[in-house]
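**Student:** Here it is, the structure, as structure tokens.
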There are 2 protein chains.
Amino acid sequence: MRIVVVGASGTIGRAVVAELGQRHEIVEVGRNSGKVRFDATDPASIRAGLELVGTFDAIVATFGSVKFAPLAEMDAAGYGIGLADKLMGQVNLVLIGREFIADGGSFTLTSGILSRDPVAGGSSASMVNGALEAWVQAAAIELPRGLRINCVCPGLLEETAVSFGAFFPGHVPVSSARVAKAYAKSVEGRLTGRVFEVF
Amino acid sequence: MRIVVVGASGTIGRAVVAELGQRHEIVEVGRNSGKVRFDATDPASIRAGLELVGTFDAIVATFGSVKFAPLAEMDAAGYGIGLADKLMGQVNLVLIGREFIADGGSFTLTSGILSRDPVAGGSSASMVNGALEAWVQAAAIELPRGLRINCVCPGLLEETAVSFGAFFPGHVPVSSARVAKAYAKSVEGRLTGRVFEVF
């Protein structure tokens with residue numbers, strides 16, 4: 001398969017490239033790095049980027065910024081960051097990517113454990129992750145041409161826990177290599193409309 | 001208690017007013033009707049409206065528009081409607097309402113069954129409802145002064161099923177009177193960070 005990994009330079013992106021690159025051709029995409037570069041918060045930029053990529057069989061999205069801050073400091077603008085980037089960035093990638101992807105292709109998005117196991121300061125991540133998980137289940141039943149869509153919901157990463165573990169009391173970190181297996185399950189398997197929890 | 005019901009003229013809003021109005025003072029709020037009027041998609045309008053309301057012990061939000069359309073017709077602007085109205089309208093009501101609500105007060109928001117049981121054409125509702133349910137669970141752990149927050153997740157309403165039941169195959173409609181009981185559980189009970197399913 002020819003697989004587009006958007007966010008390929010991130011911790012999860014690198015693990016996905018290492019996992020799926022063993023068996024498939026990977027097109028690494030990033031905002032500031034990768035073979036093709038585009039800004040997933042800008043639909044026109046996504047479209048221009050995917051036109052450069054050419055044909056492909058799968059898109060894996062492993063990017064997405066949200067604001068982490070105490071609820072007391074959060075306002076509409078603060079939530080807007082995550083809604084525009086991690087949520088609508090990934091959603092737009094599907095909405096535009098469906099025009100380019102091969103029949104039977106798959107989309108795999110990334111949410112995160114805060115959708116169901118919140119921590120202080122993470123209310124925007126919870127919001128966005130919950131939106132993504134519900135949307136993927138809804139989108140799956142309407143995609144044409146045998147297209148599939150799933151979402152990987154990783155726990156706190158071992159790599160992230162080094163710096164931010166104190167903000168996730170009691171969370172048991174998972175390796176990005178183990179998380180990457182869930183992306184392989186989505187891309188190489190046949191399931192659709194699923195949320196793969198890895199924590 | 002003094003309870004502000006935002007969206008009081010809607011199907012659920014009227015049922016909530018009928019249920020809670022038996023035991024409490026209700027301040028009915030709507031965009032175009034009610035004792036106090038404000039546009040919950042506009043933070044300045046929310047603030048001006050709540051200043052008029054004065055002190056209160058609970059806010060119940062029973063409003064929220066989303067675009068219903070086939071996934072094939074949905075784009076970023078289409079999803080933006082629900083994100084601005086049903087999602088951020090309710091979230092902003094909490095963010096601003098927390099400045100005005102009495103100690104130990106409660107917020108009760110409204111999601112809907114499409115968060116976990118999607119139908120064709122409802123992908124925006126699924127997205128927004130999933131976001132609300134995850135956010136409420138996250139916000140609950142950070143609210144100060146004993147404030148509580150819950151979300152009611154109603155199924156297809158009997159009143160709605162008359163017109164739109166065909167879009168919800170196999171869904172068993174629930175009465176708005178039964179849904180209203182969940183708002184009473186949230187406002188008059190002690191739970192927080194919960195999603196009350198009524199379907």
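Identifiers in this document derive from the order of the structure tokens: chains are assigned A, B, ..., residues are numbered from 1 separately in each chain, and ligands are numbered from 1 in order of occurrence.
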At a cut-off of 8 Å, list the chain B residues touching chain A, using only C-alpha atoms, as a VMD selection string.
**Tutor:** chain B and resid 70 to 72 74 to 76 88 92 95 115 to 120 122 to 124 126 to 135 137 to 139 141 to 143
**Student:** Could you list, as a PyMOL selection string, every residue within 10 Å of Thr160 (chain A), counting only C-alpha atoms and ignoring same-chain residues fewer than 6 positions away?
**Tutor:** chain A and resi 11+173-176
**Student:** Once you have the residues from the selection above, write them out as a CSV table (one decimal), in the first residue's frame, restricted to N, CA and C atoms.
**Tutor:**
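The resulting file, out33.csv, is reproduced below:
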```
chain,number,residue,atom,x,y,z
A,11,THR,N,6.0,12.0,17.8
A,11,THR,CA,6.4,10.8,18.5
A,11,THR,C,5.6,9.6,18.0
A,173,PRO,N,2.0,4.7,31.4
A,173,PRO,CA,2.4,5.1,30.1
A,173,PRO,C,2.5,3.8,29.2
A,174,VAL,N,2.3,4.1,27.9
A,174,VAL,CA,2.4,3.0,26.9
A,174,VAL,C,3.5,3.5,25.9
A,175,SER,N,4.1,2.5,25.3
A,175,SER,CA,5.2,2.8,24.3
A,175,SER,C,4.5,3.2,23.0
A,176,SER,N,5.2,4.1,22.3
A,176,SER,CA,4.7,4.5,21.0
A,176,SER,C,4.7,3.3,20.0
```
**Student:** Can you pull out the residues contacting Asp103 (chain B)? Cut-off 8 Å, using only C-alpha atoms, and skip same-chain residues under 4 positions away; I want them as a PyMOL selection string.
**Tutor:** chain B and resi 57+145-147
**Student:** Restricting the calculation to only C-alpha atoms, which member of B:Ile113, B:Cys151, B:Ile101, B:Ala61 is positioned closest to Ile12 (chain B)?
**Tutor:**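 Of the candidates, the smallest distance to Ile12 (chain B) is held by B:Ala61.
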**Student:** Identify, on the basis of only C-alpha atoms, every residue whose closest approach to Gly112 (chain A) does not exceed 7 Å; exclude the query and any residue fewer than 6 positions from it along the same chain; express the result as a VMD selection string.
**Tutor:** chain A and resid 129 153 to 155
**Student:** Output C-alpha atoms of each residue in that selection to a file, as a short mmCIF file (atom, residue, chain, number, x, y, z; two decimals), in the first residue's frame.
**Tutor:**
```
data_model
loop_
_atom_site.label_atom_id
_atom_site.label_comp_id
_atom_site.auth_asym_id
_atom_site.auth_seq_id
_atom_site.Cartn_x
_atom_site.Cartn_y
_atom_site.Cartn_z
CA ASN A 129 -10.90 13.63 21.60
CA CYS A 153 -7.01 6.43 21.27
CA PRO A 154 -3.55 6.29 22.84
CA GLY A 155 -2.85 6.57 26.51
#
```
**Student:** Between CA of Ala77 (chain A) and CA of Gly165 (chain A), what is the distance, to one decimal in Å?
**Tutor:** 26.2 Å
**Student:** Could you tell me how far CA of Glu188 (chain A) lies from CA of Gly13 (chain A), in Å and to one decimal?
**Tutor:**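 One can read the CA of Glu188 (chain A) to CA of Gly13 (chain A) distance as 16.6 Å.
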**Student:** Ranking B:Gly82, B:Gly104, B:Gly49, B:Gly7 by minimum distance to Lys67 (chain B) and counting only C-alpha atoms, which one comes first?
**Tutor:**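 Among the listed residues, B:Gly82 lies closest to Lys67 (chain B).
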**Student:** With DSSP run on the backbone, what are the alpha helix (DSSP H) residues within region 30-99 of chain A? I'd like them as a PyMOL selection string.
**Tutor:** chain A and resi 43-53+76-82+88-97
**Student:** Might you pull out every residue within 12 Å of Val29 (chain B), with only C-alpha atoms counted and same-chain residues fewer than 2 positions away left off, and present them as a PyMOL selection string?
**Tutor:** chain B and resi 3-10+13-14+17+26-27+31-40+45-46+49-50+52-53+59-63+93
**Student:** For C-alpha atoms, I'd like the residues from the last selection saved as a PDB file, in the first residue's frame.
**Tutor:**
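So again-v9.pdb came out as:
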```
ATOM      1  CA  ILE B   3     -32.924  27.852  37.859  1.00  0.00           C
ATOM      2  CA  VAL B   4     -32.046  29.424  34.505  1.00  0.00           C
ATOM      3  CA  VAL B   5     -33.304  27.327  31.585  1.00  0.00           C
ATOM      4  CA  VAL B   6     -31.647  28.385  28.325  1.00  0.00           C
ATOM      5  CA  GLY B   7     -33.652  27.117  25.385  1.00  0.00           C
ATOM      6  CA  ALA B   8     -36.846  27.130  27.445  1.00  0.00           C
ATOM      7  CA  SER B   9     -39.176  27.285  24.434  1.00  0.00           C
ATOM      8  CA  GLY B  10     -37.855  24.107  22.817  1.00  0.00           C
ATOM      9  CA  GLY B  13     -36.921  23.080  27.468  1.00  0.00           C
ATOM     10  CA  ARG B  14     -40.681  23.127  27.949  1.00  0.00           C
ATOM     11  CA  VAL B  17     -39.723  23.914  32.887  1.00  0.00           C
ATOM     12  CA  ILE B  26     -37.512  29.129  36.706  1.00  0.00           C
ATOM     13  CA  VAL B  27     -35.982  31.928  34.632  1.00  0.00           C
ATOM     14  CA  ARG B  31     -32.889  33.717  21.701  1.00  0.00           C
ATOM     15  CA  ASN B  32     -36.271  35.091  20.665  1.00  0.00           C
ATOM     16  CA  SER B  33     -38.501  34.347  23.627  1.00  0.00           C
ATOM     17  CA  GLY B  34     -38.436  34.117  27.414  1.00  0.00           C
ATOM     18  CA  LYS B  35     -38.149  36.501  30.339  1.00  0.00           C
ATOM     19  CA  VAL B  36     -34.498  37.146  29.489  1.00  0.00           C
ATOM     20  CA  ARG B  37     -33.192  36.848  25.922  1.00  0.00           C
ATOM     21  CA  PHE B  38     -29.652  36.224  24.745  1.00  0.00           C
ATOM     22  CA  ASP B  39     -27.765  34.568  21.940  1.00  0.00           C
ATOM     23  CA  ALA B  40     -25.658  31.797  23.454  1.00  0.00           C
ATOM     24  CA  SER B  45     -24.708  38.405  24.789  1.00  0.00           C
ATOM     25  CA  ILE B  46     -24.530  35.600  27.391  1.00  0.00           C
ATOM     26  CA  GLY B  49     -28.154  38.276  29.745  1.00  0.00           C
ATOM     27  CA  LEU B  50     -26.844  36.647  32.927  1.00  0.00           C
ATOM     28  CA  LEU B  52     -29.950  40.729  33.972  1.00  0.00           C
ATOM     29  CA  VAL B  53     -30.877  37.394  35.549  1.00  0.00           C
ATOM     30  CA  ILE B  59     -28.259  26.648  34.620  1.00  0.00           C
ATOM     31  CA  VAL B  60     -29.922  24.103  32.356  1.00  0.00           C
ATOM     32  CA  ALA B  61     -29.032  24.329  28.644  1.00  0.00           C
ATOM     33  CA  THR B  62     -31.502  22.700  26.274  1.00  0.00           C
ATOM     34  CA  PHE B  63     -30.574  24.457  23.045  1.00  0.00           C
ATOM     35  CA  LEU B  93     -22.648  29.366  28.987  1.00  0.00           C
TER      36      LEU B  93
END
```
**Student:** What is the CA of Val172 (chain A)-CA of Leu157 (chain A) distance in Å, reported with one decimal?
**Tutor:**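 Atom-to-atom, CA of Val172 (chain A) to CA of Leu157 (chain A), that is 8.6 Å.
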**Student:** Looking only at strand (DSSP E or B) from DSSP on the backbone, list the matching residues of region 46-123 of chain B as a PDB file with N, CA, C and O atoms, in the first residue's frame.
**Tutor:**
```pdb
ATOM      1  N   PHE B  56     -28.480  33.026  40.772  1.00  0.00           N
ATOM      2  CA  PHE B  56     -29.195  31.782  40.463  1.00  0.00           C
ATOM      3  C   PHE B  56     -28.369  30.597  40.971  1.00  0.00           C
ATOM      4  O   PHE B  56     -27.181  30.729  41.273  1.00  0.00           O
ATOM      5  N   ASP B  57     -29.030  29.445  41.034  1.00  0.00           N
ATOM      6  CA  ASP B  57     -28.408  28.251  41.601  1.00  0.00           C
ATOM      7  C   ASP B  57     -28.096  27.187  40.561  1.00  0.00           C
ATOM      8  O   ASP B  57     -27.380  26.220  40.840  1.00  0.00           O
ATOM      9  N   ALA B  58     -28.684  27.321  39.391  1.00  0.00           N
ATOM     10  CA  ALA B  58     -28.478  26.290  38.362  1.00  0.00           C
ATOM     11  C   ALA B  58     -28.728  26.882  36.986  1.00  0.00           C
ATOM     12  O   ALA B  58     -29.564  27.774  36.823  1.00  0.00           O
ATOM     13  N   ILE B  59     -27.976  26.373  36.029  1.00  0.00           N
ATOM     14  CA  ILE B  59     -28.259  26.648  34.620  1.00  0.00           C
ATOM     15  C   ILE B  59     -28.530  25.313  33.945  1.00  0.00           C
ATOM     16  O   ILE B  59     -27.766  24.359  34.117  1.00  0.00           O
ATOM     17  N   VAL B  60     -29.621  25.262  33.200  1.00  0.00           N
ATOM     18  CA  VAL B  60     -29.922  24.103  32.356  1.00  0.00           C
ATOM     19  C   VAL B  60     -29.901  24.597  30.910  1.00  0.00           C
ATOM     20  O   VAL B  60     -30.600  25.566  30.578  1.00  0.00           O
ATOM     21  N   ALA B  61     -29.101  23.955  30.058  1.00  0.00           N
ATOM     22  CA  ALA B  61     -29.032  24.329  28.644  1.00  0.00           C
ATOM     23  C   ALA B  61     -29.722  23.257  27.808  1.00  0.00           C
ATOM     24  O   ALA B  61     -29.329  22.078  27.848  1.00  0.00           O
ATOM     25  N   ILE B 101     -22.953  32.095  39.065  1.00  0.00           N
ATOM     26  CA  ILE B 101     -23.730  31.053  39.756  1.00  0.00           C
ATOM     27  C   ILE B 101     -23.362  30.983  41.239  1.00  0.00           C
ATOM     28  O   ILE B 101     -22.210  31.245  41.622  1.00  0.00           O
ATOM     29  N   ALA B 102     -24.330  30.628  42.058  1.00  0.00           N
ATOM     30  CA  ALA B 102     -24.110  30.523  43.504  1.00  0.00           C
ATOM     31  C   ALA B 102     -23.202  29.331  43.840  1.00  0.00           C
ATOM     32  O   ALA B 102     -23.141  28.357  43.077  1.00  0.00           O
ATOM     33  N   ASP B 103     -22.532  29.406  44.990  1.00  0.00           N
ATOM     34  CA  ASP B 103     -21.736  28.273  45.463  1.00  0.00           C
ATOM     35  C   ASP B 103     -22.589  27.006  45.466  1.00  0.00           C
ATOM     36  O   ASP B 103     -23.762  27.036  45.864  1.00  0.00           O
ATOM     37  N   GLY B 104     -21.987  25.909  45.060  1.00  0.00           N
ATOM     38  CA  GLY B 104     -22.711  24.643  45.071  1.00  0.00           C
ATOM     39  C   GLY B 104     -23.719  24.507  43.953  1.00  0.00           C
ATOM     40  O   GLY B 104     -24.481  23.534  43.909  1.00  0.00           O
ATOM     41  N   GLY B 105     -23.719  25.463  43.026  1.00  0.00           N
ATOM     42  CA  GLY B 105     -24.668  25.416  41.917  1.00  0.00           C
ATOM     43  C   GLY B 105     -24.314  24.358  40.887  1.00  0.00           C
ATOM     44  O   GLY B 105     -23.260  23.714  40.961  1.00  0.00           O
ATOM     45  N   SER B 106     -25.188  24.200  39.909  1.00  0.00           N
ATOM     46  CA  SER B 106     -24.978  23.144  38.910  1.00  0.00           C
ATOM     47  C   SER B 106     -25.252  23.651  37.496  1.00  0.00           C
ATOM     48  O   SER B 106     -26.085  24.530  37.284  1.00  0.00           O
ATOM     49  N   PHE B 107     -24.526  23.046  36.575  1.00  0.00           N
ATOM     50  CA  PHE B 107     -24.753  23.234  35.147  1.00  0.00           C
ATOM     51  C   PHE B 107     -25.214  21.898  34.575  1.00  0.00           C
ATOM     52  O   PHE B 107     -24.621  20.860  34.876  1.00  0.00           O
ATOM     53  N   THR B 108     -26.250  21.929  33.740  1.00  0.00           N
ATOM     54  CA  THR B 108     -26.698  20.708  33.071  1.00  0.00           C
ATOM     55  C   THR B 108     -26.818  20.988  31.587  1.00  0.00           C
ATOM     56  O   THR B 108     -27.619  21.835  31.170  1.00  0.00           O
ATOM     57  N   LEU B 109     -25.990  20.296  30.800  1.00  0.00           N
ATOM     58  CA  LEU B 109     -25.954  20.495  29.358  1.00  0.00           C
ATOM     59  C   LEU B 109     -26.698  19.351  28.658  1.00  0.00           C
ATOM     60  O   LEU B 109     -27.115  18.383  29.293  1.00  0.00           O
ATOM     61  N   THR B 110     -26.824  19.492  27.347  1.00  0.00           N
ATOM     62  CA  THR B 110     -27.582  18.512  26.564  1.00  0.00           C
ATOM     63  C   THR B 110     -26.756  18.016  25.382  1.00  0.00           C
ATOM     64  O   THR B 110     -26.314  18.825  24.553  1.00  0.00           O
TER      65      THR B 110
END
```
